[in-house]
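> Supplied structure: data.tsv, TSV, C-alpha atoms and all ligand atoms.
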chain	number	residue	atom	x	y	z
A	139	MET	CA	92.95	-266.33	75.68
A	140	GLU	CA	95.66	-266.30	78.31
A	141	ILE	CA	96.14	-263.51	80.85
A	142	ILE	CA	99.79	-263.00	81.75
A	143	THR	CA	100.94	-260.59	84.43
A	144	THR	CA	104.71	-261.13	84.66
A	145	ILE	CA	107.57	-260.20	82.35
A	146	ASP	CA	109.18	-263.67	82.73
A	147	ASN	CA	106.02	-265.47	81.66
A	148	ILE	CA	105.30	-263.29	78.63
A	149	ARG	CA	108.92	-263.63	77.52
A	150	SER	CA	108.89	-267.43	77.68
A	151	LYS	CA	105.56	-267.59	75.84
A	152	VAL	CA	106.84	-265.36	73.00
A	153	LYS	CA	110.10	-267.39	72.81
A	154	GLU	CA	108.03	-270.55	72.40
A	155	TRP	CA	106.04	-269.00	69.55
A	156	LYS	CA	109.15	-267.69	67.83
A	157	LEU	CA	110.77	-271.16	67.99
A	158	GLN	CA	107.69	-272.40	66.14
A	159	GLY	CA	108.28	-269.71	63.49
A	160	LEU	CA	105.15	-267.74	64.41
A	161	SER	CA	104.98	-263.96	63.95
A	162	VAL	CA	103.79	-261.80	66.84
A	163	GLY	CA	101.62	-258.68	66.63
A	164	PHE	CA	101.32	-256.31	69.59
A	165	VAL	CA	98.61	-253.84	70.54
A	166	PRO	CA	99.63	-251.67	73.53
A	167	THR	CA	96.64	-250.12	75.31
A	168	MET	CA	95.62	-248.52	78.57
A	169	GLY	CA	92.40	-250.56	78.60
A	170	TYR	CA	88.77	-249.45	78.58
A	171	LEU	CA	88.73	-250.69	75.03
A	172	HIS	CA	86.54	-249.46	72.18
A	173	GLU	CA	86.21	-250.26	68.47
A	174	GLY	CA	89.37	-248.25	67.77
A	175	HIS	CA	91.44	-250.67	69.86
A	176	ILE	CA	89.60	-253.65	68.42
A	177	SER	CA	90.42	-252.49	64.89
A	178	LEU	CA	94.10	-252.67	65.92
A	179	VAL	CA	93.61	-256.23	67.21
A	180	ASN	CA	91.87	-257.18	63.96
A	181	GLU	CA	94.71	-255.72	61.90
A	182	SER	CA	97.26	-257.58	64.01
A	183	ASN	CA	95.32	-260.82	63.51
A	184	LYS	CA	95.37	-260.19	59.76
A	185	GLN	CA	99.08	-259.48	59.58
A	186	CYS	CA	100.50	-261.78	62.28
A	187	ASP	CA	100.09	-265.37	63.52
A	188	LYS	CA	99.63	-264.35	67.16
A	189	THR	CA	98.33	-261.19	68.84
A	190	ILE	CA	99.24	-259.85	72.26
A	191	ALA	CA	97.43	-256.84	73.73
A	192	SER	CA	98.75	-255.09	76.83
A	193	ILE	CA	96.57	-253.29	79.34
A	194	PHE	CA	98.54	-250.91	81.54
A	195	VAL	CA	97.48	-247.44	82.62
A	196	ASN	CA	100.93	-245.92	82.47
A	197	PRO	CA	101.44	-243.46	85.36
A	198	SER	CA	104.53	-241.84	83.83
A	199	GLN	CA	102.57	-240.33	80.93
A	200	PHE	CA	100.11	-238.46	83.15
A	201	GLY	CA	100.95	-235.05	84.61
A	202	PRO	CA	100.25	-234.30	88.29
A	203	ASN	CA	96.87	-232.66	87.57
A	204	GLU	CA	95.72	-235.13	84.94
A	205	ASP	CA	93.28	-238.04	85.07
A	206	PHE	CA	95.54	-240.99	86.02
A	207	GLU	CA	93.40	-242.01	89.04
A	208	ALA	CA	90.10	-241.33	87.25
A	209	TYR	CA	91.14	-243.00	83.98
A	210	PRO	CA	88.34	-245.49	83.20
A	211	ARG	CA	89.15	-249.14	83.88
A	212	ASP	CA	87.13	-252.32	83.26
A	213	PHE	CA	89.44	-255.31	82.98
A	214	ASP	CA	86.72	-257.98	82.72
A	215	ARG	CA	84.92	-256.18	79.88
A	216	ASP	CA	88.26	-255.59	78.11
A	217	CYS	CA	89.11	-259.31	78.35
A	218	SER	CA	85.71	-260.35	76.93
A	219	LEU	CA	86.18	-257.96	74.00
A	220	LEU	CA	89.74	-259.11	73.33
A	221	GLU	CA	88.84	-262.78	73.56
A	222	ALA	CA	85.83	-262.33	71.24
A	223	ASN	CA	88.15	-260.65	68.72
A	224	GLY	CA	90.78	-263.38	68.62
A	225	CYS	CA	93.49	-261.90	70.85
A	226	ASP	CA	95.83	-264.67	72.09
A	227	ILE	CA	97.34	-263.08	75.20
A	228	VAL	CA	96.57	-260.12	77.41
A	229	PHE	CA	99.63	-258.76	79.16
A	230	TYR	CA	98.33	-257.14	82.34
A	231	PRO	CA	101.27	-256.17	84.55
A	232	GLU	CA	101.06	-254.52	87.97
A	233	LYS	CA	102.65	-251.08	88.29
A	234	ASN	CA	105.66	-252.56	90.15
A	235	GLU	CA	106.33	-255.04	87.37
A	236	ILE	CA	106.92	-252.13	84.96
A	237	TYR	CA	108.25	-249.53	87.40
A	238	PRO	CA	110.01	-251.29	90.29
A	239	GLU	CA	111.01	-249.16	93.26
A	240	ASN	CA	114.50	-248.32	92.01
A	241	PHE	CA	113.37	-247.48	88.46
A	242	ALA	CA	115.50	-244.58	87.16
A	243	THR	CA	115.73	-244.59	83.36
A	244	TYR	CA	113.48	-242.62	81.01
A	245	ILE	CA	113.57	-241.96	77.27
A	246	ASN	CA	114.66	-238.35	76.69
A	247	ILE	CA	113.39	-236.96	73.37
A	248	ILE	CA	115.68	-234.07	72.50
A	249	SER	CA	113.91	-232.84	69.35
A	250	ASP	CA	111.06	-230.32	69.43
A	251	MET	CA	108.54	-233.03	68.48
A	252	PRO	CA	107.19	-233.59	72.00
A	253	LYS	CA	106.96	-229.84	72.70
A	254	GLN	CA	104.35	-229.21	69.96
A	255	LEU	CA	100.59	-229.86	69.95
A	256	CYS	CA	99.68	-231.98	73.02
A	257	GLY	CA	103.17	-231.46	74.46
A	258	LYS	CA	102.42	-227.77	75.13
A	259	SER	CA	99.93	-228.62	77.86
A	260	ARG	CA	101.34	-232.10	78.65
A	261	PRO	CA	105.11	-231.51	78.99
A	262	ILE	CA	106.09	-234.95	80.34
A	263	HIS	CA	103.54	-236.97	78.39
A	264	PHE	CA	105.67	-238.23	75.51
A	265	GLN	CA	108.64	-239.07	77.71
A	266	GLY	CA	106.28	-241.34	79.64
A	267	VAL	CA	104.74	-242.80	76.49
A	268	CYS	CA	108.13	-243.54	74.90
A	269	THR	CA	109.51	-245.02	78.10
A	270	VAL	CA	106.64	-247.44	78.56
A	271	VAL	CA	106.42	-248.33	74.86
A	272	ALA	CA	110.19	-249.00	74.69
A	273	LYS	CA	109.88	-251.19	77.79
A	274	LEU	CA	106.86	-253.04	76.38
A	275	PHE	CA	108.69	-253.58	73.07
A	276	ASN	CA	111.67	-255.02	74.97
A	277	ILE	CA	109.41	-257.25	77.05
A	278	VAL	CA	107.08	-258.50	74.31
A	279	THR	CA	109.58	-258.38	71.38
A	280	PRO	CA	106.80	-258.28	68.75
A	281	ASP	CA	107.41	-258.33	65.01
A	282	LYS	CA	104.80	-255.62	64.48
A	283	ALA	CA	103.06	-253.12	66.75
A	284	PHE	CA	99.75	-251.46	65.90
A	285	PHE	CA	98.92	-247.84	66.80
A	286	GLY	CA	95.89	-245.66	66.03
A	287	GLU	CA	96.29	-242.56	63.88
A	288	LYS	CA	94.05	-240.62	66.28
A	289	ASP	CA	97.14	-240.18	68.47
A	290	ALA	CA	99.07	-238.80	65.51
A	291	GLN	CA	101.79	-237.07	67.54
A	292	GLN	CA	102.31	-240.20	69.64
A	293	LEU	CA	102.58	-242.28	66.48
A	294	ALA	CA	105.15	-239.93	64.89
A	295	ILE	CA	107.24	-239.82	68.08
A	296	ILE	CA	107.16	-243.60	68.52
A	297	LYS	CA	108.18	-244.15	64.88
A	298	LYS	CA	111.12	-241.79	65.42
A	299	MET	CA	112.12	-243.55	68.65
A	300	VAL	CA	111.99	-246.94	66.92
A	301	ALA	CA	114.20	-245.62	64.11
A	302	ASP	CA	116.63	-243.77	66.40
A	303	LEU	CA	117.06	-246.65	68.86
A	304	ASN	CA	117.10	-249.37	66.15
A	305	ILE	CA	114.24	-251.21	67.81
A	306	ASP	CA	113.41	-254.26	65.71
A	307	VAL	CA	109.63	-253.69	65.54
A	308	LYS	CA	107.57	-252.56	62.55
A	309	VAL	CA	105.16	-249.83	63.64
A	310	VAL	CA	101.85	-250.16	61.77
A	311	PRO	CA	99.56	-247.07	61.75
A	312	CYS	CA	95.81	-247.80	61.69
A	313	PRO	CA	93.01	-245.36	60.71
A	314	ILE	CA	90.87	-243.36	63.15
A	315	ILE	CA	87.61	-245.13	64.00
A	316	ARG	CA	84.60	-242.82	64.44
A	317	GLU	CA	81.15	-243.10	65.96
A	318	GLU	CA	78.34	-242.98	63.37
A	319	ASP	CA	77.88	-239.27	64.02
A	320	GLY	CA	81.60	-238.57	63.47
A	321	LEU	CA	83.07	-238.35	66.99
A	322	ALA	CA	86.45	-240.11	67.07
A	323	LYS	CA	86.33	-243.14	69.40
A	324	SER	CA	88.18	-242.58	72.65
A	325	SER	CA	88.14	-244.12	76.12
A	326	ARG	CA	87.68	-240.55	77.42
A	327	ASN	CA	84.34	-240.18	75.57
A	328	THR	CA	82.80	-241.98	78.55
A	329	TYR	CA	83.49	-238.88	80.69
A	330	LEU	CA	81.01	-236.85	78.59
A	331	ASN	CA	77.47	-236.24	79.85
A	332	LYS	CA	74.58	-236.03	77.38
A	333	GLU	CA	75.01	-232.34	76.53
A	334	GLU	CA	78.79	-232.61	76.36
A	335	ARG	CA	78.52	-235.61	74.04
A	336	ILE	CA	76.48	-233.47	71.61
A	337	ALA	CA	78.88	-230.53	72.00
A	338	ALA	CA	81.85	-232.85	71.33
A	339	LEU	CA	80.68	-233.27	67.74
A	340	ILE	CA	82.20	-229.87	67.05
A	341	LEU	CA	85.63	-231.56	66.83
A	342	SER	CA	84.74	-233.93	63.98
A	343	LYS	CA	82.59	-231.26	62.29
A	344	SER	CA	85.57	-228.93	62.12
A	345	ILE	CA	87.79	-231.81	60.93
A	346	PHE	CA	85.34	-232.46	58.09
A	347	LEU	CA	85.22	-228.72	57.31
A	348	GLY	CA	89.03	-228.56	57.14
A	349	LYS	CA	89.15	-231.62	54.89
A	350	SER	CA	86.52	-230.17	52.56
A	351	LEU	CA	88.50	-226.93	52.20
A	352	VAL	CA	91.58	-228.97	51.26
A	353	GLU	CA	89.50	-230.97	48.78
A	354	LYS	CA	88.35	-227.69	47.22
A	355	GLY	CA	92.02	-226.83	46.64
A	356	GLU	CA	92.89	-224.58	49.60
A	357	ARG	CA	96.59	-224.94	50.46
A	358	ASN	CA	97.03	-222.07	52.94
A	359	ALA	CA	97.06	-223.72	56.36
A	360	ASP	CA	96.14	-220.51	58.20
A	361	ILE	CA	92.96	-220.07	56.14
A	362	ILE	CA	91.94	-223.67	56.85
A	363	LEU	CA	92.78	-223.35	60.56
A	364	SER	CA	90.84	-220.07	60.90
A	365	ALA	CA	87.71	-221.67	59.48
A	366	MET	CA	88.09	-224.68	61.80
A	367	ILE	CA	88.73	-222.49	64.85
A	368	GLU	CA	85.73	-220.28	64.06
A	369	MET	CA	83.53	-223.35	63.89
A	370	ILE	CA	84.82	-224.76	67.20
A	371	ASN	CA	84.39	-221.38	68.90
A	372	SER	CA	80.73	-221.37	67.82
A	373	GLU	CA	80.16	-224.17	70.36
A	374	PRO	CA	79.87	-222.55	73.81
A	375	MET	CA	80.94	-225.73	75.66
A	376	ALA	CA	84.17	-226.06	73.65
A	377	LYS	CA	87.45	-224.57	74.85
A	378	ILE	CA	90.35	-224.90	72.41
A	379	ASP	CA	93.69	-226.15	73.75
A	380	TYR	CA	95.25	-226.05	70.27
A	381	VAL	CA	94.31	-226.32	66.59
A	382	ASP	CA	97.47	-226.48	64.50
A	383	ALA	CA	98.85	-227.52	61.14
A	384	VAL	CA	102.26	-229.20	61.42
A	385	ASP	CA	104.72	-231.14	59.32
A	386	GLY	CA	103.79	-234.83	59.58
A	387	LEU	CA	107.35	-235.88	60.47
A	388	THR	CA	108.79	-233.07	62.60
A	389	MET	CA	105.53	-231.81	64.16
A	390	LEU	CA	106.72	-228.24	63.51
A	391	LYS	CA	104.15	-225.65	62.39
A	392	VAL	CA	103.62	-225.10	58.66
A	393	LYS	CA	102.04	-222.17	56.83
A	394	ASN	CA	101.19	-224.02	53.63
A	395	ILE	CA	100.40	-227.60	52.76
A	396	THR	CA	103.53	-229.13	51.28
A	397	GLY	CA	104.54	-232.74	51.88
A	398	THR	CA	102.64	-234.52	54.64
A	399	THR	CA	100.67	-232.05	56.76
A	400	LEU	CA	98.90	-232.96	60.00
A	401	PHE	CA	95.94	-230.83	61.08
A	402	ALA	CA	95.50	-231.66	64.76
A	403	MET	CA	93.44	-230.35	67.63
A	404	ALA	CA	92.82	-230.78	71.33
A	405	VAL	CA	89.59	-229.29	72.65
A	406	ASN	CA	88.17	-229.34	76.15
A	407	ILE	CA	84.49	-230.15	76.38
A	408	GLY	CA	83.68	-229.46	80.00
A	409	LYS	CA	86.48	-231.21	81.90
A	410	THR	CA	87.16	-233.72	79.12
A	411	ARG	CA	90.07	-233.10	76.79
A	412	LEU	CA	89.48	-234.64	73.36
A	413	ILE	CA	91.79	-234.87	70.34
A	414	ASP	CA	91.19	-235.37	66.64
A	415	ASN	CA	93.10	-234.84	63.40
A	416	PHE	CA	93.39	-235.36	59.68
A	417	VAL	CA	96.41	-235.77	57.44
A	418	VAL	CA	96.91	-234.25	54.00
A	419	GLU	CA	99.45	-235.65	51.57
A	420	ALA	CA	100.38	-232.86	49.13
A	421	LYS	CA	100.65	-234.11	45.59
B	501	LIG	O1	97.83	-244.80	73.29
B	501	LIG	C1	97.83	-245.30	74.42
B	501	LIG	O2	96.84	-245.90	74.86
B	501	LIG	C2	99.06	-245.17	75.30
B	501	LIG	O3	99.68	-243.94	75.15
B	501	LIG	C3	100.06	-246.33	75.11
B	501	LIG	C4	100.64	-246.34	73.70
B	501	LIG	C5	99.39	-247.66	75.38
B	501	LIG	C6	101.24	-246.16	76.08
B	501	LIG	O4	100.81	-246.18	77.39
In structure tokens, how does this file's structure come out?

Amino acid sequence: MEIITTIDNIRSKVKEWKLQGLSVGFVPTMGYLHEGHISLVNESNKQCDKTIASIFVNPSQFGPNEDFEAYPRDFDRDCSLLEANGCDIVFYPEKNEIYPENFATYINIISDMPKQLCGKSRPIHFQGVCTVVAKLFNIVTPDKAFFGEKDAQQLAIIKKMVADLNIDVKVVPCPIIREEDGLAKSSRNTYLNKEERIAALILSKSIFLGKSLVEKGERNADIILSAMIEMINSEPMAKIDYVDAVDGLTMLKVKNITGTTLFAMAVNIGKTRLIDNFVVEAK
């Protein structure tokens, strides 16, 4: 596995592959990898001839009081995991390579999509995500890019950006990977102490409760949300940021399940903000 740190070098490598007729899969990450990320690498290996993963903790998607500095990092461990799982190249740029001193252009999302769900408490987050993802797409020029469904709002916003800006990349959504006890895998799970880790199970428990109500035929989103919220509030260490039901494309709130409906939540367990979701396709 090759580690590449400059835009020029990754571009010439990808050009070489494309001249050979090879397809390129891309897995953008912020590092501190877990099985969720590895499932994206595996899917890329299945669907493409070559796989590139990027590791870049993107400063522009963190607000001033968020965990940019504290975000967990372990480059050597990430490289071992990627190499063991058949990744061909790790793109590991320095901050200045992506955001040089005179950097002045950001993606401006003018719909209400980034203002819902996570956007309520993270107002600049999706501008930062879209900006770095657009840049990475332009640098890596992959055929396909693989994103986890855990970040459902991110996925919807990136799909819309790709469509709106005619970016020639196929975005491939991949399912949420969970710990055996149900907790969705996340790099931020490492922030949790023992008690918090147990308390964090309230997220997946309420996801499973919501799903079971839908399976029993409930279509009123408010009834489902109330049951989920009541369950989360029964955990004293949990503090809800949001629990909402939104349209899967627009991210706007819905009252009833029609079309694709995303039930999504962000819950603080101690100082750690965790997200989880499930999607219902109305028949
Ligand atoms: O999902 C993430 O890890 C990040 O938001 C991404 C897509 C790598 C952009 O920094």
> What does the list of residues within 6 Å of ligand LIG 501 (chain B) look like if you count all atoms listed in the file, written as a list of chain:residue names?
A:Pro166, A:Thr167, A:Met168, A:Asn196, A:Val267, A:Val271
> Hey, can you spit out that residue selection with C-alpha atoms as a JSON list (two decimals), in the coordinates of the input?

[["chain", "number", "residue", "atom", "x", "y", "z"],
["A", 166, "PRO", "CA", 99.63, -251.67, 73.53],
["A", 167, "THR", "CA", 96.64, -250.12, 75.31],
["A", 168, "MET", "CA", 95.62, -248.52, 78.57],
["A", 196, "ASN", "CA", 100.93, -245.92, 82.47],
["A", 267, "VAL", "CA", 104.74, -242.80, 76.49],
["A", 271, "VAL", "CA", 106.42, -248.33, 74.86]]
> Which one of A:Cys268, A:Val405, A:Met389, A:Val418 sits closest to Met299 of chain A if you count all atoms listed in the file?
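Ranking A:Cys268, A:Val405, A:Met389, A:Val418 by distance to Met299 of chain A, first place goes to A:Cys268.
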> Between atom CA of Ser325 of chain A and atom CA of Met375 of chain A, what is the spacing in Å?
19.8 Å
> Please list as a compact mmCIF listing (two decimals) with C-alpha atoms, keeping the file's coordinate frame every residue within 7 Å of Cys312 of chain A, counting all atoms listed in the file and excluding residues in the same chain fewer than 6 positions away.

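The result, written out as part-v3.txt:
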# COMPACT_ATOMS: atom_id res chain seq x y z
CA LEU A 178 94.10 -252.67 65.92
CA PHE A 284 99.75 -251.46 65.90
CA PHE A 285 98.92 -247.84 66.80
CA GLY A 286 95.89 -245.66 66.03
CA GLU A 287 96.29 -242.56 63.88
> Write out as a list of chain:residue names each polymer residue whose atoms come within 10 Å of Asp205 of chain A, counting all atoms listed in the file; drop sequence neighbours fewer than 5 positions from it.
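Skipping anything fewer than 5 positions along the chain leaves A:Pro197, A:Phe200, A:Pro210, A:Arg326, A:Thr410.
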> With all atoms listed in the file as the basis for distance, which of A:Arg316, A:Leu339, A:Val162, A:Ala272 is at the shortest distance from His175 of chain A?
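Distance minimum relative to His175 of chain A lands on A:Arg316.
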> Quick one: residues within 7 Å of Gly174 of chain A, all atoms listed in the file counted, chain neighbours fewer than 5 positions away excluded, as a count of residues only?
3
> Just the residues within 9 Å of segment 243-260 of chain A, please, counting all atoms listed in the file, with nothing from its chain fewer than 3 positions along; format it as a PDB file with C-alpha atoms, in the coordinates of the input.

ATOM      1  CA  GLN A 199     102.570-240.330  80.930  1.00  0.00           C
ATOM      2  CA  PHE A 200     100.110-238.460  83.150  1.00  0.00           C
ATOM      3  CA  GLY A 201     100.950-235.050  84.610  1.00  0.00           C
ATOM      4  CA  GLU A 204      95.720-235.130  84.940  1.00  0.00           C
ATOM      5  CA  HIS A 263     103.540-236.970  78.390  1.00  0.00           C
ATOM      6  CA  PHE A 264     105.670-238.230  75.510  1.00  0.00           C
ATOM      7  CA  GLN A 265     108.640-239.070  77.710  1.00  0.00           C
ATOM      8  CA  GLY A 266     106.280-241.340  79.640  1.00  0.00           C
ATOM      9  CA  VAL A 267     104.740-242.800  76.490  1.00  0.00           C
ATOM     10  CA  CYS A 268     108.130-243.540  74.900  1.00  0.00           C
ATOM     11  CA  THR A 269     109.510-245.020  78.100  1.00  0.00           C
ATOM     12  CA  VAL A 270     106.640-247.440  78.560  1.00  0.00           C
ATOM     13  CA  ALA A 272     110.190-249.000  74.690  1.00  0.00           C
ATOM     14  CA  GLN A 291     101.790-237.070  67.540  1.00  0.00           C
ATOM     15  CA  GLN A 292     102.310-240.200  69.640  1.00  0.00           C
ATOM     16  CA  ALA A 294     105.150-239.930  64.890  1.00  0.00           C
ATOM     17  CA  ILE A 295     107.240-239.820  68.080  1.00  0.00           C
ATOM     18  CA  MET A 299     112.120-243.550  68.650  1.00  0.00           C
ATOM     19  CA  ASP A 379      93.690-226.150  73.750  1.00  0.00           C
ATOM     20  CA  TYR A 380      95.250-226.050  70.270  1.00  0.00           C
ATOM     21  CA  VAL A 381      94.310-226.320  66.590  1.00  0.00           C
ATOM     22  CA  ASP A 382      97.470-226.480  64.500  1.00  0.00           C
ATOM     23  CA  VAL A 384     102.260-229.200  61.420  1.00  0.00           C
ATOM     24  CA  LEU A 387     107.350-235.880  60.470  1.00  0.00           C
ATOM     25  CA  THR A 388     108.790-233.070  62.600  1.00  0.00           C
ATOM     26  CA  MET A 389     105.530-231.810  64.160  1.00  0.00           C
ATOM     27  CA  LEU A 390     106.720-228.240  63.510  1.00  0.00           C
ATOM     28  CA  LYS A 391     104.150-225.650  62.390  1.00  0.00           C
ATOM     29  CA  ALA A 402      95.500-231.660  64.760  1.00  0.00           C
ATOM     30  CA  MET A 403      93.440-230.350  67.630  1.00  0.00           C
ATOM     31  CA  ALA A 404      92.820-230.780  71.330  1.00  0.00           C
ATOM     32  CA  ILE A 413      91.790-234.870  70.340  1.00  0.00           C
TER      33      ILE A 413
END
> Please provide the set of residues having any atom within 12 Å of Ala283 of chain A, restricted to all atoms listed in the file, with same-chain residues fewer than 5 positions apart removed, written as a JSON list (two decimals) with C-alpha atoms, in the frame of the given file.

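To be explicit, this is the file written out as around.json:
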[["chain", "number", "residue", "atom", "x", "y", "z"],
["A", 161, "SER", "CA", 104.98, -263.96, 63.95],
["A", 162, "VAL", "CA", 103.79, -261.80, 66.84],
["A", 163, "GLY", "CA", 101.62, -258.68, 66.63],
["A", 164, "PHE", "CA", 101.32, -256.31, 69.59],
["A", 165, "VAL", "CA", 98.61, -253.84, 70.54],
["A", 166, "PRO", "CA", 99.63, -251.67, 73.53],
["A", 167, "THR", "CA", 96.64, -250.12, 75.31],
["A", 178, "LEU", "CA", 94.10, -252.67, 65.92],
["A", 179, "VAL", "CA", 93.61, -256.23, 67.21],
["A", 181, "GLU", "CA", 94.71, -255.72, 61.90],
["A", 182, "SER", "CA", 97.26, -257.58, 64.01],
["A", 183, "ASN", "CA", 95.32, -260.82, 63.51],
["A", 185, "GLN", "CA", 99.08, -259.48, 59.58],
["A", 186, "CYS", "CA", 100.50, -261.78, 62.28],
["A", 188, "LYS", "CA", 99.63, -264.35, 67.16],
["A", 189, "THR", "CA", 98.33, -261.19, 68.84],
["A", 190, "ILE", "CA", 99.24, -259.85, 72.26],
["A", 191, "ALA", "CA", 97.43, -256.84, 73.73],
["A", 192, "SER", "CA", 98.75, -255.09, 76.83],
["A", 271, "VAL", "CA", 106.42, -248.33, 74.86],
["A", 272, "ALA", "CA", 110.19, -249.00, 74.69],
["A", 274, "LEU", "CA", 106.86, -253.04, 76.38],
["A", 275, "PHE", "CA", 108.69, -253.58, 73.07],
["A", 278, "VAL", "CA", 107.08, -258.50, 74.31],
["A", 293, "LEU", "CA", 102.58, -242.28, 66.48],
["A", 296, "ILE", "CA", 107.16, -243.60, 68.52],
["A", 297, "LYS", "CA", 108.18, -244.15, 64.88],
["A", 300, "VAL", "CA", 111.99, -246.94, 66.92],
["A", 305, "ILE", "CA", 114.24, -251.21, 67.81],
["A", 306, "ASP", "CA", 113.41, -254.26, 65.71],
["A", 307, "VAL", "CA", 109.63, -253.69, 65.54],
["A", 308, "LYS", "CA", 107.57, -252.56, 62.55],
["A", 309, "VAL", "CA", 105.16, -249.83, 63.64],
["A", 310, "VAL", "CA", 101.85, -250.16, 61.77],
["A", 311, "PRO", "CA", 99.56, -247.07, 61.75],
["A", 312, "CYS", "CA", 95.81, -247.80, 61.69]]
> Which is closest to Ser218 of chain A among A:Glu235, A:Ala359, A:Glu419, A:Leu171, if we use only C-alpha atoms?
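Using only C-alpha atoms, Ser218 of chain A sits closest to A:Leu171.
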> A:Asn394, A:Asn358, A:Asp414, A:Lys343: which is nearest Glu373 of chain A, counting all atoms listed in the file?
A:Lys343
> Which residue gives the smallest distance to Cys217 of chain A among A:Asp319, A:Glu140, A:Asp385, A:Glu333, with all atoms listed in the file counted?
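That would be A:Glu140, the residue with the smallest distance to Cys217 of chain A.
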